[in-house]
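Below is the file upload-v1.csv, which contains CSV, C-alpha atoms and all ligand atoms.
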```csv
chain,number,residue,atom,x,y,z
A,1,MET,CA,106.6,96.7,80.7
A,2,LYS,CA,104.8,95.8,83.9
A,3,LYS,CA,106.1,93.0,86.1
A,4,PHE,CA,103.0,91.4,87.6
A,5,PHE,CA,102.7,89.8,91.0
A,6,ILE,CA,99.9,87.3,91.3
A,7,ALA,CA,99.2,86.0,94.8
A,8,GLY,CA,96.7,83.5,96.0
A,9,ASN,CA,95.3,83.8,99.6
A,10,TRP,CA,93.8,80.4,100.3
A,11,LYS,CA,92.4,81.6,103.7
A,12,MET,CA,91.1,78.7,105.9
A,13,ASN,CA,90.8,76.3,102.9
A,14,THR,CA,92.6,73.2,101.7
A,15,THR,CA,94.2,70.3,103.7
A,16,PRO,CA,97.8,69.2,103.3
A,17,LYS,CA,96.6,66.7,100.7
A,18,SER,CA,94.4,69.0,98.6
A,19,ALA,CA,96.9,71.8,98.9
A,20,MET,CA,99.5,69.5,97.4
A,21,GLU,CA,97.2,68.5,94.6
A,22,LEU,CA,96.5,72.1,93.8
A,23,CYS,CA,100.2,73.0,93.8
A,24,LEU,CA,101.1,70.1,91.4
A,25,LEU,CA,98.5,71.4,88.9
A,26,LEU,CA,99.8,74.9,89.2
A,27,LYS,CA,103.4,73.8,89.0
A,28,ASN,CA,102.9,71.8,85.8
A,29,SER,CA,100.9,74.6,84.0
A,30,THR,CA,103.2,77.5,84.8
A,31,LYS,CA,106.5,76.1,83.5
A,32,GLU,CA,106.3,77.8,80.1
A,33,LEU,CA,105.2,81.3,81.3
A,34,GLY,CA,107.6,84.2,81.1
A,35,ALA,CA,110.0,84.4,84.0
A,36,GLU,CA,109.0,88.0,84.7
A,37,LEU,CA,105.8,87.0,86.3
A,38,ASP,CA,105.8,86.5,90.1
A,39,ILE,CA,103.4,83.9,91.4
A,40,LEU,CA,102.8,83.2,95.1
A,41,VAL,CA,100.4,81.0,97.1
A,42,CYS,CA,99.6,81.5,100.8
A,43,PRO,CA,98.2,78.3,102.3
A,44,PRO,CA,97.1,77.8,105.9
A,45,PHE,CA,100.1,77.2,108.3
A,46,THR,CA,99.4,73.5,108.5
A,47,ASN,CA,99.8,73.0,104.8
A,48,ILE,CA,103.0,75.0,104.2
A,49,GLN,CA,105.2,72.0,104.5
A,50,ALA,CA,103.1,70.0,101.9
A,51,VAL,CA,103.1,73.0,99.6
A,52,ALA,CA,106.9,73.4,99.9
A,53,MET,CA,107.3,69.8,98.9
A,54,ALA,CA,104.9,70.0,96.0
A,55,LEU,CA,106.4,73.2,94.7
A,56,GLU,CA,110.0,72.1,94.8
A,57,GLY,CA,111.8,73.0,91.6
A,58,SER,CA,108.9,75.3,90.6
A,59,ARG,CA,108.8,79.0,89.9
A,60,ILE,CA,105.9,79.5,92.3
A,61,LYS,CA,106.7,81.0,95.7
A,62,TYR,CA,104.8,80.3,98.9
A,63,GLY,CA,104.1,82.3,102.0
A,64,ALA,CA,101.9,82.6,105.1
A,65,GLN,CA,98.7,84.4,105.8
A,66,ASN,CA,99.7,85.8,109.2
A,67,CYS,CA,102.4,85.8,111.8
A,68,TYR,CA,103.1,86.9,115.3
A,69,PHE,CA,105.6,89.7,116.0
A,70,ALA,CA,107.5,88.1,119.0
A,71,GLU,CA,110.4,85.8,118.3
A,72,LYS,CA,109.3,83.0,120.6
A,73,GLY,CA,107.7,82.3,124.0
A,74,ALA,CA,104.4,82.0,125.8
A,75,PHE,CA,102.1,82.9,122.9
A,76,THR,CA,99.8,79.9,122.7
A,77,GLY,CA,98.5,79.3,119.2
A,78,GLU,CA,100.8,81.8,117.5
A,79,ILE,CA,103.4,81.3,114.8
A,80,SER,CA,106.7,83.2,114.6
A,81,LEU,CA,108.5,84.5,111.6
A,82,GLU,CA,111.5,82.3,112.3
A,83,MET,CA,109.2,79.2,112.0
A,84,LEU,CA,107.9,80.5,108.7
A,85,LYS,CA,111.4,81.2,107.4
A,86,GLU,CA,112.6,77.8,108.2
A,87,LEU,CA,109.8,76.4,106.1
A,88,GLY,CA,110.9,78.4,103.2
A,89,CYS,CA,108.2,81.1,103.3
A,90,THR,CA,109.3,84.2,101.4
A,91,TYR,CA,106.2,86.3,102.0
A,92,VAL,CA,103.7,86.9,104.8
A,93,ILE,CA,100.3,88.6,104.4
A,94,ILE,CA,99.9,91.2,107.1
A,95,GLY,CA,96.8,93.2,108.0
A,96,HIS,CA,94.2,91.3,106.0
A,97,SER,CA,90.7,92.8,106.6
A,98,GLU,CA,89.5,89.4,108.0
A,99,ARG,CA,92.3,89.6,110.6
A,100,ARG,CA,91.4,93.2,111.3
A,101,LYS,CA,87.7,92.6,111.7
A,102,ILE,CA,87.3,89.1,113.0
A,103,PHE,CA,90.5,89.0,115.1
A,104,ASN,CA,90.5,92.6,116.2
A,105,GLU,CA,94.0,93.4,114.7
A,106,ASP,CA,94.5,97.1,114.9
A,107,ASN,CA,97.0,99.3,113.0
A,108,GLU,CA,99.5,99.2,115.9
A,109,LEU,CA,99.6,95.4,116.0
A,110,ILE,CA,100.0,95.4,112.3
A,111,ASN,CA,102.9,97.8,112.5
A,112,LYS,CA,104.7,95.5,115.0
A,113,LYS,CA,104.2,92.6,112.6
A,114,ILE,CA,105.6,94.6,109.7
A,115,ILE,CA,108.6,95.7,111.7
A,116,SER,CA,109.4,92.2,112.9
A,117,SER,CA,109.0,90.7,109.5
A,118,LEU,CA,111.4,93.3,108.1
A,119,SER,CA,114.0,92.3,110.6
A,120,ALA,CA,113.3,88.6,110.0
A,121,GLY,CA,113.9,89.1,106.2
A,122,ILE,CA,110.5,87.9,105.1
A,123,ASN,CA,108.7,90.0,102.5
A,124,GLN,CA,105.3,91.5,103.3
A,125,ILE,CA,102.0,91.8,101.6
A,126,PHE,CA,100.5,94.7,103.6
A,127,CYS,CA,96.7,94.8,103.2
A,128,ILE,CA,94.7,98.0,103.5
A,129,GLY,CA,91.1,98.8,102.5
A,130,GLU,CA,88.0,100.7,103.5
A,131,THR,CA,84.5,99.3,104.5
A,132,LEU,CA,81.4,100.1,102.4
A,133,GLU,CA,80.3,102.6,105.0
A,134,GLU,CA,83.6,104.4,105.0
A,135,ARG,CA,83.5,104.6,101.2
A,136,GLN,CA,79.9,105.8,101.2
A,137,ASN,CA,80.8,108.5,103.7
A,138,GLY,CA,83.7,109.7,101.6
A,139,LYS,CA,86.2,108.5,104.1
A,140,THR,CA,88.2,106.1,101.9
A,141,VAL,CA,91.4,108.1,101.5
A,142,GLU,CA,91.4,109.1,105.2
A,143,VAL,CA,91.0,105.5,106.3
A,144,LEU,CA,93.8,104.3,104.0
A,145,LYS,CA,96.1,107.1,105.1
A,146,GLU,CA,95.6,106.1,108.7
A,147,GLN,CA,96.3,102.4,107.9
A,148,ILE,CA,99.4,103.3,106.0
A,149,SER,CA,100.8,105.9,108.4
A,150,VAL,CA,100.4,103.7,111.5
A,151,GLY,CA,101.2,100.5,109.7
A,152,LEU,CA,104.5,101.8,108.3
A,153,LYS,CA,105.5,103.8,111.4
A,154,GLY,CA,109.2,103.7,112.3
A,155,ILE,CA,110.2,102.2,108.9
A,156,SER,CA,112.9,103.8,106.7
A,157,PRO,CA,112.1,104.7,103.1
A,158,GLU,CA,114.4,101.9,101.9
A,159,GLN,CA,112.6,99.3,103.9
A,160,ALA,CA,109.2,100.8,103.0
A,161,LYS,CA,110.0,100.5,99.3
A,162,THR,CA,110.2,96.7,99.5
A,163,ILE,CA,106.7,96.3,101.0
A,164,VAL,CA,104.0,95.0,98.6
A,165,ILE,CA,100.7,96.8,99.3
A,166,ALA,CA,97.4,95.1,98.6
A,167,TYR,CA,94.5,97.5,98.3
A,168,GLU,CA,91.5,95.4,99.2
A,169,PRO,CA,88.2,97.3,99.6
A,170,VAL,CA,86.5,95.3,102.4
A,171,TRP,CA,83.1,95.4,100.6
A,172,ALA,CA,84.6,93.7,97.5
A,173,ILE,CA,86.2,90.8,99.3
A,174,GLY,CA,84.3,87.5,98.7
A,175,THR,CA,81.2,89.3,97.5
A,176,GLY,CA,81.6,88.7,93.8
A,177,ILE,CA,81.5,92.5,93.2
A,178,ALA,CA,84.9,93.9,92.5
A,179,ALA,CA,85.6,97.6,92.7
A,180,SER,CA,85.2,99.3,89.4
A,181,PRO,CA,88.3,100.1,87.3
A,182,GLU,CA,87.9,103.8,88.0
A,183,GLN,CA,87.7,103.2,91.8
A,184,ILE,CA,90.7,100.9,91.7
A,185,GLN,CA,92.8,103.3,89.6
A,186,ASP,CA,91.9,106.4,91.5
A,187,THR,CA,92.6,104.7,94.8
A,188,HIS,CA,95.9,103.2,93.7
A,189,ILE,CA,97.0,106.7,92.6
A,190,GLU,CA,96.1,108.1,96.0
A,191,ILE,CA,98.0,105.3,97.8
A,192,LYS,CA,101.1,105.9,95.8
A,193,LYS,CA,100.9,109.6,96.3
A,194,TYR,CA,100.5,109.3,100.0
A,195,ILE,CA,103.3,106.8,100.5
A,196,SER,CA,105.6,109.1,98.5
A,197,GLN,CA,104.6,112.1,100.7
A,198,LEU,CA,105.0,110.1,103.9
A,199,PHE,CA,108.5,109.0,103.1
A,200,ASP,CA,109.4,112.2,101.2
A,201,ASP,CA,110.7,110.1,98.4
A,202,GLU,CA,109.3,108.7,95.1
A,203,MET,CA,107.9,105.4,96.2
A,204,LYS,CA,107.5,102.6,93.7
A,205,ASN,CA,105.9,100.0,95.8
A,206,LEU,CA,104.1,97.3,94.0
A,207,ILE,CA,100.4,97.8,94.6
A,208,LEU,CA,98.1,94.8,94.2
A,209,TYR,CA,94.3,94.9,93.9
A,210,GLY,CA,92.2,92.3,95.9
A,211,GLY,CA,88.5,91.8,96.2
A,212,SER,CA,86.6,89.4,93.9
A,213,LEU,CA,89.3,89.4,91.2
A,214,ASP,CA,88.4,86.5,88.9
A,215,PRO,CA,89.0,85.4,85.3
A,216,SER,CA,86.1,87.6,84.1
A,217,ASN,CA,87.5,90.9,85.4
A,218,ALA,CA,91.2,90.2,85.6
A,219,LYS,CA,92.1,91.8,82.2
A,220,SER,CA,90.2,95.0,82.9
A,221,ILE,CA,91.8,95.3,86.3
A,222,LEU,CA,95.3,94.2,85.6
A,223,GLU,CA,95.7,96.5,82.6
A,224,LEU,CA,95.0,99.6,84.7
A,225,ARG,CA,97.9,102.0,85.3
A,226,GLY,CA,99.1,101.6,88.8
A,227,VAL,CA,97.9,98.1,89.3
A,228,ASP,CA,100.9,95.7,89.7
A,229,GLY,CA,99.0,92.5,90.3
A,230,GLY,CA,96.4,90.8,92.4
A,231,LEU,CA,95.7,89.2,95.8
A,232,ILE,CA,93.2,86.6,95.0
A,233,GLY,CA,91.0,84.6,97.4
A,234,GLY,CA,88.2,82.5,96.1
A,235,ALA,CA,89.5,82.3,92.5
A,236,SER,CA,92.9,81.0,93.7
A,237,LEU,CA,91.4,77.9,95.2
A,238,LYS,CA,90.7,76.2,91.8
A,239,ALA,CA,93.6,75.5,89.5
A,240,ASP,CA,91.5,76.5,86.4
A,241,SER,CA,90.5,79.9,87.6
A,242,PHE,CA,93.9,80.8,89.2
A,243,LEU,CA,95.7,79.7,86.1
A,244,SER,CA,93.4,81.8,83.9
A,245,ILE,CA,94.3,84.9,85.9
A,246,ILE,CA,97.9,84.0,85.7
A,247,ARG,CA,97.7,83.6,81.9
A,248,ILE,CA,96.0,86.9,81.5
A,249,ALA,CA,98.7,88.6,83.5
A,250,SER,CA,101.4,86.8,81.4
A,251,GLU,CA,99.7,88.0,78.2
A,252,LEU,CA,99.5,91.6,79.4
A,253,GLN,CA,103.2,91.5,80.2
A,254,LYS,CA,104.2,90.8,76.6
B,1,LIG,P1,88.4,87.2,97.2
B,1,LIG,O1,89.4,87.5,98.4
B,1,LIG,O2,89.2,87.2,96.0
B,1,LIG,O3,87.7,85.9,97.5
B,1,LIG,O4,87.5,88.4,97.2
B,1,LIG,C1,90.5,88.3,98.3
B,1,LIG,C2,91.2,88.4,99.6
B,1,LIG,O5,90.6,88.4,100.7
B,1,LIG,O6,92.5,88.5,99.7
```
Can you present the structure in this file as structure tokens?
Amino acid sequence: MKKFFIAGNWKMNTTPKSAMELCLLLKNSTKELGAELDILVCPPFTNIQAVAMALEGSRIKYGAQNCYFAEKGAFTGEISLEMLKELGCTYVIIGHSERRKIFNEDNELINKKIISSLSAGINQIFCIGETLEERQNGKTVEVLKEQISVGLKGISPEQAKTIVIAYEPVWAIGTGIAASPEQIQDTHIEIKKYISQLFDDEMKNLILYGGSLDPSNAKSILELRGVDGGLIGGASLKADSFLSIIRIASELQK
């Protein structure tokens, strides 16, 4: 039986008040679901405290969308892992394509963030994915291998096993056009194969799919072999749509 991981990436949306309202709706509607399902929300930094309060006593976990790798110091505008930990964050998203593209994060910086979050004891959702041009040029696997090999450099197989991977084709994010089931399945198989090869060990990392995952396509995507859950942007911002996806995952687990 699969154990699904359903994560919401709220990006730069919600305020402390609206985040709290959304969390209360999610909390009340997820009480009865099977304990096997992992649910996570990643609000903006400024709303983490409000989310922590609203989710108290709930099965829903919360995390952050980014972090800086240094422990503390003169890094104006940055947020450390220690700060996130003290707020109760159990996960941090690292390497999201919007951070890579808009904020110029490269594989080396992402690697530093992964290493520092491992030593801080916060779990990672490590995002990888190709652009449309890279896919059209047949470069998908090559790009993903580069993101994985540099992103996970210097990490032991034991540590690497704990990292949740999110495969998010850049062209599918926020476009309303998810990758096809075949594309997702084939790519997840390639990712698993490559990580096992890289660490010379059978790797069983959870691999999530992200990119326009919504209630209309959730079943066909989540039931694919090799898909362990989803990283959901737009559809995680409304309680109704996020809950529909959560319920679909819960049904598939039975
Ligand atoms: P989307 O975003 O579901 O809105 O496509 C996914 C993501 O960026 O993680």
* Would you mind listing the residues within 9 Å of ligand LIG 1 (chain B), counting all atoms listed in the file, as number ranges by chain? => A: 7-11, 96-98, 127, 166, 168, 170-178, 209-214, 230-236
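The two atoms in question, CA of Ser244 in chain A and CA of Cys42 in chain A, are spaced 18.0 Å apart.
With distances restricted to all atoms listed in the file, A:Gln147 is the closest residue to Gly95 in chain A from A:Ser117, A:Gln147, A:Gln159, A:Ser180.
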* Structure fact -> In Å and to one decimal, CA of Ala70 in chain A is distant from CA of Lys112 in chain A by 8.9 Å
* 9 Å contact set for Val150 in chain A, all atoms listed in the file, chain neighbours under 5 positions out, as a list in words -> Asn107, Glu108, Ile110, Asn111 and Lys145 of chain A
* Shell around Lys17 in chain A at 12 Å using all atoms listed in the file, local window under 4 positions removed, as a list in words -> Asn13, Glu21, Leu22, Cys23, Leu24, Pro43, Thr46, Asn47, Ile48, Gln49, Ala50, Val51, Met53 and Ala54 of chain A
